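K.L.:
Next comes the structure file structure.cif, holding mmCIF, C-alpha atoms.
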data_model
loop_
_atom_site.group_PDB
_atom_site.id
_atom_site.type_symbol
_atom_site.label_atom_id
_atom_site.label_comp_id
_atom_site.auth_asym_id
_atom_site.auth_seq_id
_atom_site.Cartn_x
_atom_site.Cartn_y
_atom_site.Cartn_z
ATOM 1 C CA MET X 2 4.524 73.335 157.473
ATOM 2 C CA PRO X 3 3.955 69.759 156.222
ATOM 3 C CA SER X 4 5.403 68.789 152.852
ATOM 4 C CA ILE X 5 2.970 68.383 149.977
ATOM 5 C CA ALA X 6 4.863 65.521 148.375
ATOM 6 C CA ASN X 7 7.468 62.847 149.022
ATOM 7 C CA TYR X 8 10.835 63.921 147.679
ATOM 8 C CA ARG X 9 12.767 60.807 148.733
ATOM 9 C CA GLY X 10 13.471 58.666 145.697
ATOM 10 C CA ILE X 11 14.125 59.301 142.021
ATOM 11 C CA ILE X 12 12.805 62.459 140.367
ATOM 12 C CA PRO X 13 13.435 62.750 136.615
ATOM 13 C CA ALA X 14 13.939 66.242 135.226
ATOM 14 C CA ILE X 15 11.879 65.625 132.124
ATOM 15 C CA SER X 16 13.081 66.351 128.601
ATOM 16 C CA CYS X 17 10.751 68.375 126.375
ATOM 17 C CA PRO X 18 10.012 66.719 123.024
ATOM 18 C CA PHE X 19 9.661 69.063 120.066
ATOM 19 C CA THR X 20 8.128 68.648 116.635
ATOM 20 C CA PRO X 21 10.454 69.041 113.623
ATOM 21 C CA ASP X 22 9.367 72.711 113.396
ATOM 22 C CA HIS X 23 10.319 73.262 117.075
ATOM 23 C CA ARG X 24 6.861 73.363 118.657
ATOM 24 C CA ILE X 25 6.189 71.585 121.955
ATOM 25 C CA ASP X 26 5.070 68.069 121.007
ATOM 26 C CA GLU X 27 2.186 67.602 123.447
ATOM 27 C CA PRO X 28 1.367 63.943 122.632
ATOM 28 C CA ALA X 29 5.056 63.005 122.935
ATOM 29 C CA LEU X 30 5.427 64.949 126.188
ATOM 30 C CA ARG X 31 2.361 63.232 127.647
ATOM 31 C CA LYS X 32 3.681 59.827 126.593
ATOM 32 C CA LEU X 33 7.101 60.503 128.118
ATOM 33 C CA ALA X 34 5.636 61.799 131.389
ATOM 34 C CA SER X 35 3.332 58.798 131.714
ATOM 35 C CA TRP X 36 6.171 56.365 130.971
ATOM 36 C CA LEU X 37 8.420 57.952 133.586
ATOM 37 C CA ALA X 38 5.692 58.026 136.238
ATOM 38 C CA GLY X 39 5.029 54.342 135.621
ATOM 39 C CA HIS X 40 8.382 53.350 137.126
ATOM 40 C CA ASP X 41 8.259 52.142 140.723
ATOM 41 C CA GLY X 42 10.681 54.421 142.533
ATOM 42 C CA VAL X 43 9.870 57.630 140.647
ATOM 43 C CA VAL X 44 8.295 59.896 143.283
ATOM 44 C CA ALA X 45 7.804 63.097 141.233
ATOM 45 C CA ILE X 46 8.537 64.635 137.838
ATOM 46 C CA MET X 47 10.276 68.000 137.353
ATOM 47 C CA THR X 48 9.519 70.204 134.370
ATOM 48 C CA ASN X 49 11.513 73.130 132.983
ATOM 49 C CA GLY X 50 14.938 72.037 134.121
ATOM 50 C CA HIS X 51 18.052 72.395 132.033
ATOM 51 C CA THR X 52 17.301 68.975 130.524
ATOM 52 C CA GLY X 53 13.940 70.380 129.424
ATOM 53 C CA GLU X 54 15.755 73.084 127.408
ATOM 54 C CA VAL X 55 14.153 75.687 129.655
ATOM 55 C CA PHE X 56 16.231 78.540 128.255
ATOM 56 C CA SER X 57 14.665 77.993 124.830
ATOM 57 C CA LEU X 58 11.120 78.219 126.219
ATOM 58 C CA THR X 59 9.075 81.391 126.610
ATOM 59 C CA PRO X 60 7.323 82.016 129.944
ATOM 60 C CA ALA X 61 4.028 80.886 128.408
ATOM 61 C CA GLU X 62 5.653 77.730 127.048
ATOM 62 C CA ARG X 63 7.163 76.896 130.444
ATOM 63 C CA ALA X 64 3.704 77.060 131.986
ATOM 64 C CA GLU X 65 2.331 75.005 129.097
ATOM 65 C CA VAL X 66 4.907 72.239 129.614
ATOM 66 C CA THR X 67 3.940 72.077 133.291
ATOM 67 C CA ARG X 68 0.226 72.099 132.449
ATOM 68 C CA ILE X 69 0.609 69.203 130.016
ATOM 69 C CA VAL X 70 2.649 67.067 132.407
ATOM 70 C CA ALA X 71 0.492 67.871 135.449
ATOM 71 C CA ASP X 72 -2.690 67.110 133.531
ATOM 72 C CA GLU X 73 -1.284 63.810 132.265
ATOM 73 C CA LEU X 74 -0.129 62.736 135.722
ATOM 74 C CA LYS X 75 -3.082 64.019 137.732
ATOM 75 C CA GLY X 76 -3.574 61.776 140.756
ATOM 76 C CA ARG X 77 -0.537 59.661 139.852
ATOM 77 C CA CYS X 78 2.606 61.688 140.455
ATOM 78 C CA PRO X 79 3.301 65.237 141.710
ATOM 79 C CA VAL X 80 4.931 67.768 139.399
ATOM 80 C CA ILE X 81 7.708 70.201 140.284
ATOM 81 C CA SER X 82 8.418 73.153 137.970
ATOM 82 C CA SER X 83 11.718 75.008 137.880
ATOM 83 C CA ILE X 84 11.794 78.758 138.314
ATOM 84 C CA VAL X 85 14.543 80.186 136.103
ATOM 85 C CA CYS X 86 14.329 83.964 136.375
ATOM 86 C CA GLU X 87 16.384 87.094 137.016
ATOM 87 C CA GLY X 88 14.351 89.301 139.342
ATOM 88 C CA LEU X 89 11.883 89.066 142.205
ATOM 89 C CA LYS X 90 8.831 90.165 140.217
ATOM 90 C CA ASP X 91 9.693 87.915 137.296
ATOM 91 C CA ALA X 92 10.160 84.935 139.621
ATOM 92 C CA ALA X 93 6.872 85.663 141.379
ATOM 93 C CA ASP X 94 5.044 85.762 138.042
ATOM 94 C CA HIS X 95 6.584 82.457 136.955
ATOM 95 C CA ALA X 96 5.776 80.870 140.323
ATOM 96 C CA ARG X 97 2.104 81.834 140.092
ATOM 97 C CA ALA X 98 1.917 80.559 136.514
ATOM 98 C CA ALA X 99 3.544 77.235 137.410
ATOM 99 C CA VAL X 100 1.188 76.610 140.318
ATOM 100 C CA ALA X 101 -1.823 77.585 138.198
ATOM 101 C CA ALA X 102 -0.591 75.048 135.641
ATOM 102 C CA GLY X 103 -0.571 72.276 138.246
ATOM 103 C CA ALA X 104 2.861 72.283 139.913
ATOM 104 C CA VAL X 105 2.830 71.410 143.623
ATOM 105 C CA ALA X 106 6.459 72.427 144.128
ATOM 106 C CA LEU X 107 8.942 74.871 142.612
ATOM 107 C CA ASP X 108 12.623 74.199 142.008
ATOM 108 C CA VAL X 109 14.362 77.527 142.558
ATOM 109 C CA MET X 110 17.445 78.020 140.393
ATOM 110 C CA PRO X 111 19.803 80.905 141.206
ATOM 111 C CA PRO X 112 19.230 83.961 138.992
ATOM 112 C CA HIS X 113 21.811 83.759 136.270
ATOM 113 C CA HIS X 114 23.118 87.277 136.758
ATOM 114 C CA TRP X 115 24.504 85.921 140.045
ATOM 115 C CA LEU X 116 26.844 83.802 137.914
ATOM 116 C CA ARG X 117 28.423 87.017 136.613
ATOM 117 C CA PHE X 118 28.115 89.440 139.510
ATOM 118 C CA GLY X 119 27.770 87.240 142.573
ATOM 119 C CA PHE X 120 25.179 87.709 145.332
ATOM 120 C CA THR X 121 24.743 88.035 149.083
ATOM 121 C CA SER X 122 22.950 85.673 151.426
ATOM 122 C CA GLY X 123 20.324 88.371 151.800
ATOM 123 C CA HIS X 124 19.676 88.330 148.057
ATOM 124 C CA ALA X 125 19.063 84.591 148.159
ATOM 125 C CA LEU X 126 16.764 84.698 151.167
ATOM 126 C CA GLN X 127 14.743 87.540 149.605
ATOM 127 C CA TYR X 128 14.478 85.575 146.366
ATOM 128 C CA PHE X 129 13.077 82.475 148.074
ATOM 129 C CA GLU X 130 10.732 84.595 150.179
ATOM 130 C CA ALA X 131 9.356 86.405 147.102
ATOM 131 C CA ILE X 132 8.623 83.085 145.409
ATOM 132 C CA HIS X 133 6.984 81.712 148.542
ATOM 133 C CA GLU X 134 4.800 84.808 148.916
ATOM 134 C CA ALA X 135 3.687 84.458 145.293
ATOM 135 C CA ALA X 136 2.914 80.746 145.663
ATOM 136 C CA PRO X 137 2.367 80.115 149.386
ATOM 137 C CA ASP X 138 0.849 76.667 148.918
ATOM 138 C CA ALA X 139 3.815 75.271 146.974
ATOM 139 C CA ASP X 140 6.836 73.506 148.422
ATOM 140 C CA LEU X 141 10.166 74.991 147.385
ATOM 141 C CA VAL X 142 13.222 73.028 146.283
ATOM 142 C CA CYS X 143 16.641 74.682 146.490
ATOM 143 C CA HIS X 144 18.708 74.087 143.333
ATOM 144 C CA VAL X 145 22.394 74.188 144.300
ATOM 145 C CA TYR X 146 24.849 75.211 141.570
ATOM 146 C CA PRO X 147 28.456 73.962 141.227
ATOM 147 C CA ALA X 148 31.012 75.192 143.744
ATOM 148 C CA TRP X 149 33.141 76.769 141.015
ATOM 149 C CA THR X 150 30.384 79.236 140.037
ATOM 150 C CA ARG X 151 29.696 82.636 141.599
ATOM 151 C CA ALA X 152 26.140 81.420 142.222
ATOM 152 C CA SER X 153 27.339 78.755 144.664
ATOM 153 C CA TYR X 154 25.689 78.737 148.090
ATOM 154 C CA SER X 155 27.812 78.586 151.243
ATOM 155 C CA SER X 156 27.198 75.841 153.790
ATOM 156 C CA GLN X 157 25.883 78.484 156.199
ATOM 157 C CA LEU X 158 23.398 79.786 153.637
ATOM 158 C CA LEU X 159 22.197 76.249 152.920
ATOM 159 C CA ALA X 160 21.623 75.778 156.643
ATOM 160 C CA ASP X 161 19.643 79.037 156.761
ATOM 161 C CA LEU X 162 17.567 77.906 153.787
ATOM 162 C CA ALA X 163 16.974 74.500 155.410
ATOM 163 C CA ARG X 164 15.320 76.278 158.336
ATOM 164 C CA LEU X 165 12.692 77.868 156.065
ATOM 165 C CA PRO X 166 9.472 75.949 156.793
ATOM 166 C CA TYR X 167 8.283 76.063 153.184
ATOM 167 C CA LEU X 168 11.542 74.756 151.683
ATOM 168 C CA GLN X 169 11.372 70.959 151.636
ATOM 169 C CA ALA X 170 14.225 69.659 149.484
ATOM 170 C CA PHE X 171 17.659 70.406 148.084
ATOM 171 C CA LYS X 172 18.840 69.497 144.583
ATOM 172 C CA VAL X 173 22.580 69.468 145.214
ATOM 173 C CA GLY X 174 25.145 69.635 142.434
ATOM 174 C CA GLN X 175 28.333 71.111 143.889
ATOM 175 C CA ARG X 176 30.710 69.044 141.694
ATOM 176 C CA ASP X 177 33.162 69.308 144.602
ATOM 177 C CA MET X 178 32.927 66.282 146.877
ATOM 178 C CA ASN X 179 34.513 68.004 149.873
ATOM 179 C CA LYS X 180 31.965 70.840 149.754
ATOM 180 C CA TYR X 181 29.228 68.320 148.979
ATOM 181 C CA ALA X 182 29.927 66.489 152.247
ATOM 182 C CA ARG X 183 30.118 69.732 154.256
ATOM 183 C CA ASP X 184 26.881 71.009 152.736
ATOM 184 C CA ILE X 185 25.013 67.777 153.454
ATOM 185 C CA GLN X 186 26.159 67.948 157.064
ATOM 186 C CA ALA X 187 25.108 71.607 157.371
ATOM 187 C CA ILE X 188 21.624 70.886 156.004
ATOM 188 C CA ARG X 189 21.165 67.831 158.215
ATOM 189 C CA GLU X 190 22.207 69.757 161.330
ATOM 190 C CA ALA X 191 19.861 72.630 160.482
ATOM 191 C CA ASP X 192 16.812 70.432 159.754
ATOM 192 C CA ALA X 193 17.184 66.699 159.267
ATOM 193 C CA SER X 194 13.663 66.443 157.858
ATOM 194 C CA LYS X 195 14.599 68.178 154.596
ATOM 195 C CA ALA X 196 15.247 65.907 151.610
ATOM 196 C CA ILE X 197 18.685 66.038 149.972
ATOM 197 C CA LEU X 198 18.851 64.859 146.366
ATOM 198 C CA THR X 199 21.951 64.460 144.245
ATOM 199 C CA CYS X 200 21.911 66.057 140.812
ATOM 200 C CA HIS X 201 25.364 64.772 139.875
ATOM 201 C CA ASP X 202 24.197 63.011 136.713
ATOM 202 C CA GLU X 203 27.761 62.296 135.668
ATOM 203 C CA TYR X 204 28.820 60.458 138.856
ATOM 204 C CA LEU X 205 25.712 59.047 140.409
ATOM 205 C CA LEU X 206 27.104 56.249 142.559
ATOM 206 C CA ALA X 207 29.800 58.396 144.163
ATOM 207 C CA SER X 208 27.245 61.046 145.114
ATOM 208 C CA MET X 209 24.517 58.626 146.207
ATOM 209 C CA VAL X 210 26.659 56.975 148.888
ATOM 210 C CA GLN X 211 27.108 60.266 150.764
ATOM 211 C CA GLY X 212 23.915 59.837 152.787
ATOM 212 C CA VAL X 213 21.384 61.541 150.503
ATOM 213 C CA ASP X 214 17.697 60.770 149.959
ATOM 214 C CA GLY X 215 17.628 60.117 146.221
ATOM 215 C CA ALA X 216 18.367 61.848 142.940
ATOM 216 C CA LEU X 217 16.782 64.672 140.959
ATOM 217 C CA VAL X 218 18.505 64.315 137.603
ATOM 218 C CA GLY X 219 17.879 64.842 133.929
ATOM 219 C CA PHE X 220 19.626 61.531 133.248
ATOM 220 C CA ALA X 221 16.561 59.801 134.731
ATOM 221 C CA THR X 222 14.425 60.999 131.817
ATOM 222 C CA PHE X 223 16.576 58.653 129.672
ATOM 223 C CA ILE X 224 17.391 55.657 131.905
ATOM 224 C CA PRO X 225 14.990 55.797 134.867
ATOM 225 C CA GLN X 226 15.086 52.080 135.650
ATOM 226 C CA LEU X 227 18.871 51.873 135.768
ATOM 227 C CA ILE X 228 19.018 54.847 138.132
ATOM 228 C CA ILE X 229 16.239 53.352 140.287
ATOM 229 C CA ASP X 230 18.165 50.056 140.387
ATOM 230 C CA LEU X 231 21.320 51.916 141.412
ATOM 231 C CA TRP X 232 19.501 53.807 144.161
ATOM 232 C CA ASN X 233 17.850 50.641 145.463
ATOM 233 C CA ALA X 234 21.232 48.931 145.672
ATOM 234 C CA VAL X 235 22.718 51.879 147.536
ATOM 235 C CA LYS X 236 19.796 51.957 149.977
ATOM 236 C CA ALA X 237 20.225 48.226 150.578
ATOM 237 C CA GLY X 238 23.933 48.672 151.264
ATOM 238 C CA ASP X 239 24.750 46.317 148.375
ATOM 239 C CA LEU X 240 27.899 47.957 146.998
ATOM 240 C CA LYS X 241 28.665 45.034 144.660
ATOM 241 C CA LYS X 242 25.248 45.338 142.999
ATOM 242 C CA ALA X 243 25.542 49.144 142.894
ATOM 243 C CA MET X 244 28.913 48.899 141.137
ATOM 244 C CA GLU X 245 27.465 46.451 138.615
ATOM 245 C CA VAL X 246 24.613 48.839 137.773
ATOM 246 C CA GLN X 247 26.989 51.811 137.611
ATOM 247 C CA ALA X 248 29.157 49.823 135.171
ATOM 248 C CA VAL X 249 26.162 49.701 132.800
ATOM 249 C CA ILE X 250 25.407 53.394 133.350
ATOM 250 C CA THR X 251 28.986 54.628 132.856
ATOM 251 C CA PRO X 252 29.231 54.135 129.051
ATOM 252 C CA LEU X 253 25.860 55.894 128.699
ATOM 253 C CA LYS X 254 27.118 58.699 130.943
ATOM 254 C CA ASP X 255 30.301 59.038 128.885
ATOM 255 C CA ALA X 256 28.364 59.136 125.605
ATOM 256 C CA VAL X 257 25.957 61.784 126.910
ATOM 257 C CA TYR X 258 28.192 63.959 129.077
ATOM 258 C CA GLY X 259 31.512 63.366 127.356
ATOM 259 C CA GLY X 260 33.422 63.138 130.613
ATOM 260 C CA GLY X 261 32.306 66.606 131.721
ATOM 261 C CA GLU X 262 29.347 68.325 133.326
ATOM 262 C CA PRO X 263 25.898 68.656 131.746
ATOM 263 C CA THR X 264 25.637 71.157 128.883
ATOM 264 C CA GLY X 265 23.054 72.049 126.267
ATOM 265 C CA GLU X 266 24.758 69.757 123.788
ATOM 266 C CA ALA X 267 24.810 66.986 126.408
ATOM 267 C CA HIS X 268 21.046 67.343 126.685
ATOM 268 C CA ALA X 269 20.868 67.068 122.894
ATOM 269 C CA ARG X 270 22.970 63.900 123.027
ATOM 270 C CA MET X 271 20.631 62.555 125.685
ATOM 271 C CA LYS X 272 17.703 63.127 123.342
ATOM 272 C CA GLY X 273 19.661 61.215 120.709
ATOM 273 C CA GLY X 274 20.089 58.343 123.143
ATOM 274 C CA MET X 275 16.421 58.477 124.089
ATOM 275 C CA PHE X 276 15.543 58.215 120.391
ATOM 276 C CA LEU X 277 17.810 55.176 119.937
ATOM 277 C CA ALA X 278 16.258 53.546 123.017
ATOM 278 C CA GLY X 279 12.735 54.160 121.732
ATOM 279 C CA VAL X 280 11.877 56.519 124.590
ATOM 280 C CA ILE X 281 11.022 59.362 122.182
ATOM 281 C CA ASP X 282 10.347 59.310 118.442
ATOM 282 C CA ASP X 283 11.919 62.658 117.539
ATOM 283 C CA ALA X 284 15.202 63.986 118.970
ATOM 284 C CA THR X 285 14.725 67.570 117.734
ATOM 285 C CA VAL X 286 16.339 70.270 119.902
ATOM 286 C CA ARG X 287 15.751 73.995 119.670
ATOM 287 C CA PRO X 288 18.518 76.205 118.286
ATOM 288 C CA PRO X 289 21.095 77.298 119.199
ATOM 289 C CA THR X 290 21.542 73.898 120.864
ATOM 290 C CA GLU X 291 23.118 71.587 118.304
ATOM 291 C CA ALA X 292 22.059 68.025 117.579
ATOM 292 C CA PRO X 293 24.668 65.256 117.961
ATOM 293 C CA ASN X 294 26.955 64.671 115.006
ATOM 294 C CA ALA X 295 27.445 61.274 113.369
ATOM 295 C CA LYS X 296 30.408 60.348 115.591
ATOM 296 C CA GLU X 297 28.452 61.220 118.733
ATOM 297 C CA MET X 298 25.462 59.209 117.535
ATOM 298 C CA ASP X 299 27.721 56.210 116.904
ATOM 299 C CA ALA X 300 29.017 56.463 120.484
ATOM 300 C CA LEU X 301 25.468 56.747 121.786
ATOM 301 C CA ARG X 302 24.369 53.734 119.746
ATOM 302 C CA ALA X 303 27.197 51.630 121.150
ATOM 303 C CA ALA X 304 26.417 52.676 124.727
ATOM 304 C CA VAL X 305 22.681 52.113 124.367
ATOM 305 C CA LYS X 306 23.360 48.711 122.804
ATOM 306 C CA GLN X 307 25.678 47.582 125.623
ATOM 307 C CA ALA X 308 22.965 48.521 128.108
ATOM 308 C CA GLY X 309 20.495 46.303 126.249
ATOM 309 C CA LEU X 310 18.257 49.254 125.434
ATOM 310 C CA LEU X 311 18.762 49.679 121.664
ATOM 311 C CA GLN X 312 15.469 49.892 119.745
ATOM 312 C CA ARG X 313 16.603 51.708 116.594
#
Kindly transcribe the structure held in the file into structure tokens.
P.N.:
Amino acid sequence: MPSIANYRGIIPAISCPFTPDHRIDEPALRKLASWLAGHDGVVAIMTNGHTGEVFSLTPAERAEVTRIVADELKGRCPVISSIVCEGLKDAADHARAAVAAGAVALDVMPPHHWLRFGFTSGHALQYFEAIHEAAPDADLVCHVYPAWTRASYSSQLLADLARLPYLQAFKVGQRDMNKYARDIQAIREADASKAILTCHDEYLLASMVQGVDGALVGFATFIPQLIIDLWNAVKAGDLKKAMEVQAVITPLKDAVYGGGEPTGEAHARMKGGMFLAGVIDDATVRPPTEAPNAKEMDALRAAVKQAGLLQR
């Protein structure tokens, strides 16, 4: 089964701008999507990721976000939509809605009850199959959760998933570099044609040099050009240049992620940084996610300024 799109490069997981009364801000979302797609090196845009505050969106709103972005980028850049569901029927419904809204691929997150109760390989394979049957014309992307969670996929399961003809890419975020290397090897040995994309926003350079095909990260909705520059340096084998770019990214990473993994509040801080950089005009987040406090905004301002991106 040929892939619908090219997944080798940088794919921003787009943030979702809101109005002050917490409605989806369609003009702002269109502007952001168009700006991201205008960067040479961005090969697709993903809607409804964690960065897009997907857990605050209703099913209808998730489809609406995808519709807006897909309509704005029609003929310019393919759109992936995340499927964040609990059961087979629910996931199938969301898959059909996303494709109807214009998505050409679906990023499949593990059902979140797996985080509490665990799962079997059979559960995972059934889940992907149900989504494929509901949206047979869409590529699937496997979203790999951190190794410390009960929703973590084994290397063997990743190899089994890589052999599925309709699954074309892996968004890998193990946060364990030993498992990361083993998993990349397992996927490559199962089917070397499948794209492997880091989603380690908080240590991009270290994860990019492991032989992957790009990055699918929320951080790229904020600083796409810096991440493109980093990836280009890695591809060219220019470690000195890559380290120089990472040195600019690191203060931004620290201000957004606080030295830890992505969280809802990290995504709120990223919106604050995007506001300071002039990427968006309103940094509103939906409750219960909390906006950055004054100290966090000061840290963001300093980081954005050192990167030469400060507009406000």
K.L.:
Please work out which residues fall within 8 Å of (18.1, 62.7, 121.4), coordinates as given in the file, with only C-alpha atoms counting, and return them as a PyMOL selection string.
P.N.:
chain X and resi 268-277+281+283-286+292-293
K.L.:
Running the PyMOL selection byres ((chain X and resi 26) around 12) on this model by hand, what would come out? Give it as a list in words.
P.N.:
Ser16, Cys17, Pro18, Phe19, Thr20, Pro21, Asp22, His23, Arg24, Ile25, Glu27, Pro28, Ala29, Leu30, Arg31, Lys32, Leu33, Glu62, Glu65, Val66, Ile69, Val70, Ile281, Asp282, Asp283, Ala284, Thr285 and Val286 of chain X
K.L.:
Do you have the CA of His124 in chain X-CA of Leu89 in chain X distance handy?
P.N.:
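Rounded to one decimal, the two atoms are 9.8 Å apart.
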K.L.:
I need the residue nearest Ile197 in chain X from this list: X:Cys143, X:Ile224, X:Val105, X:Leu165. Use all atoms listed in the file for the distance.
P.N.:
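Closest candidate: X:Cys143.
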K.L.:
Under the PyMOL selection byres ((chain X and resi 6) around 10), which residues of this model are included? Write them out as a count of residues only.
P.N.:
17
K.L.:
Starting from the point (18.5, 82.4, 155.2), work out which residues of protein, DNA or RNA have an atom no more than 9 Å away when counting all atoms listed in the file; state them as a ChimeraX atom specification.
P.N.:
/X:122-123,125-127,129,157-165
K.L.:
Taking the file above as input, evaluate the PyMOL selection byres ((chain X and resi 260-262) around 10) and report the hits as a PDB file with C-alpha atoms, keeping the file's coordinate frame.
P.N.:
ATOM      1  CA  PRO X 147      28.456  73.962 141.227  1.00  0.00           C
ATOM      2  CA  ARG X 176      30.710  69.044 141.694  1.00  0.00           C
ATOM      3  CA  HIS X 201      25.364  64.772 139.875  1.00  0.00           C
ATOM      4  CA  ASP X 202      24.197  63.011 136.713  1.00  0.00           C
ATOM      5  CA  GLU X 203      27.761  62.296 135.668  1.00  0.00           C
ATOM      6  CA  TYR X 204      28.820  60.458 138.856  1.00  0.00           C
ATOM      7  CA  THR X 251      28.986  54.628 132.856  1.00  0.00           C
ATOM      8  CA  LYS X 254      27.118  58.699 130.943  1.00  0.00           C
ATOM      9  CA  ASP X 255      30.301  59.038 128.885  1.00  0.00           C
ATOM     10  CA  ALA X 256      28.364  59.136 125.605  1.00  0.00           C
ATOM     11  CA  VAL X 257      25.957  61.784 126.910  1.00  0.00           C
ATOM     12  CA  TYR X 258      28.192  63.959 129.077  1.00  0.00           C
ATOM     13  CA  GLY X 259      31.512  63.366 127.356  1.00  0.00           C
ATOM     14  CA  PRO X 263      25.898  68.656 131.746  1.00  0.00           C
ATOM     15  CA  THR X 264      25.637  71.157 128.883  1.00  0.00           C
ATOM     16  CA  ALA X 267      24.810  66.986 126.408  1.00  0.00           C
TER      17      ALA X 267
END
K.L.:
Would you mind reading off the distance between CA of Arg287 in chain X and CA of Ser57 in chain X, one decimal, in Å?
P.N.:
6.6 Å
K.L.:
Separation of CA of Lys242 in chain X and CA of Asp184 in chain X, in Å?
P.N.:
27.5 Å
K.L.:
Have a look at X:Tyr181, X:Phe56, X:Trp232, X:Phe223 and name the one nearest to Gln211 in chain X; count only C-alpha atoms.
P.N.:
X:Tyr181
K.L.:
N, CA and C atoms for range 288-304 of chain X, written as a PDB file, keeping the file's coordinate frame, could you do that?
P.N.:
ATOM      1  N   PRO X 288      17.303  75.414 118.427  1.00  0.00           N
ATOM      2  CA  PRO X 288      18.518  76.205 118.286  1.00  0.00           C
ATOM      3  C   PRO X 288      18.608  77.237 119.401  1.00  0.00           C
ATOM      4  N   PRO X 289      19.810  77.632 119.833  1.00  0.00           N
ATOM      5  CA  PRO X 289      21.095  77.298 119.199  1.00  0.00           C
ATOM      6  C   PRO X 289      21.705  75.983 119.651  1.00  0.00           C
ATOM      7  N   THR X 290      21.022  75.209 120.508  1.00  0.00           N
ATOM      8  CA  THR X 290      21.542  73.898 120.864  1.00  0.00           C
ATOM      9  C   THR X 290      21.692  73.063 119.602  1.00  0.00           C
ATOM     10  N   GLU X 291      22.800  72.357 119.503  1.00  0.00           N
ATOM     11  CA  GLU X 291      23.118  71.587 118.304  1.00  0.00           C
ATOM     12  C   GLU X 291      22.879  70.103 118.519  1.00  0.00           C
ATOM     13  N   ALA X 292      22.305  69.461 117.525  1.00  0.00           N
ATOM     14  CA  ALA X 292      22.059  68.025 117.579  1.00  0.00           C
ATOM     15  C   ALA X 292      23.380  67.271 117.520  1.00  0.00           C
ATOM     16  N   PRO X 293      23.430  66.045 118.019  1.00  0.00           N
ATOM     17  CA  PRO X 293      24.668  65.256 117.961  1.00  0.00           C
ATOM     18  C   PRO X 293      25.110  65.028 116.521  1.00  0.00           C
ATOM     19  N   ASN X 294      26.430  65.001 116.336  1.00  0.00           N
ATOM     20  CA  ASN X 294      26.955  64.671 115.006  1.00  0.00           C
ATOM     21  C   ASN X 294      27.014  63.155 114.843  1.00  0.00           C
ATOM     22  N   ALA X 295      27.455  62.707 113.674  1.00  0.00           N
ATOM     23  CA  ALA X 295      27.445  61.274 113.369  1.00  0.00           C
ATOM     24  C   ALA X 295      28.330  60.486 114.329  1.00  0.00           C
ATOM     25  N   LYS X 296      29.498  61.036 114.669  1.00  0.00           N
ATOM     26  CA  LYS X 296      30.408  60.348 115.591  1.00  0.00           C
ATOM     27  C   LYS X 296      29.781  60.208 116.972  1.00  0.00           C
ATOM     28  N   GLU X 297      29.115  61.261 117.426  1.00  0.00           N
ATOM     29  CA  GLU X 297      28.452  61.220 118.733  1.00  0.00           C
ATOM     30  C   GLU X 297      27.295  60.231 118.728  1.00  0.00           C
ATOM     31  N   MET X 298      26.565  60.168 117.617  1.00  0.00           N
ATOM     32  CA  MET X 298      25.462  59.209 117.535  1.00  0.00           C
ATOM     33  C   MET X 298      25.987  57.778 117.523  1.00  0.00           C
ATOM     34  N   ASP X 299      27.128  57.554 116.887  1.00  0.00           N
ATOM     35  CA  ASP X 299      27.721  56.210 116.904  1.00  0.00           C
ATOM     36  C   ASP X 299      28.084  55.803 118.335  1.00  0.00           C
ATOM     37  N   ALA X 300      28.655  56.750 119.093  1.00  0.00           N
ATOM     38  CA  ALA X 300      29.017  56.463 120.484  1.00  0.00           C
ATOM     39  C   ALA X 300      27.767  56.200 121.320  1.00  0.00           C
ATOM     40  N   LEU X 301      26.725  56.960 121.076  1.00  0.00           N
ATOM     41  CA  LEU X 301      25.468  56.747 121.786  1.00  0.00           C
ATOM     42  C   LEU X 301      24.877  55.385 121.446  1.00  0.00           C
ATOM     43  N   ARG X 302      24.926  55.026 120.166  1.00  0.00           N
ATOM     44  CA  ARG X 302      24.369  53.734 119.746  1.00  0.00           C
ATOM     45  C   ARG X 302      25.103  52.579 120.438  1.00  0.00           C
ATOM     46  N   ALA X 303      26.412  52.689 120.507  1.00  0.00           N
ATOM     47  CA  ALA X 303      27.197  51.630 121.150  1.00  0.00           C
ATOM     48  C   ALA X 303      26.867  51.538 122.637  1.00  0.00           C
ATOM     49  N   ALA X 304      26.719  52.672 123.289  1.00  0.00           N
ATOM     50  CA  ALA X 304      26.417  52.676 124.727  1.00  0.00           C
ATOM     51  C   ALA X 304      25.018  52.150 124.996  1.00  0.00           C
TER      52      ALA X 304
END
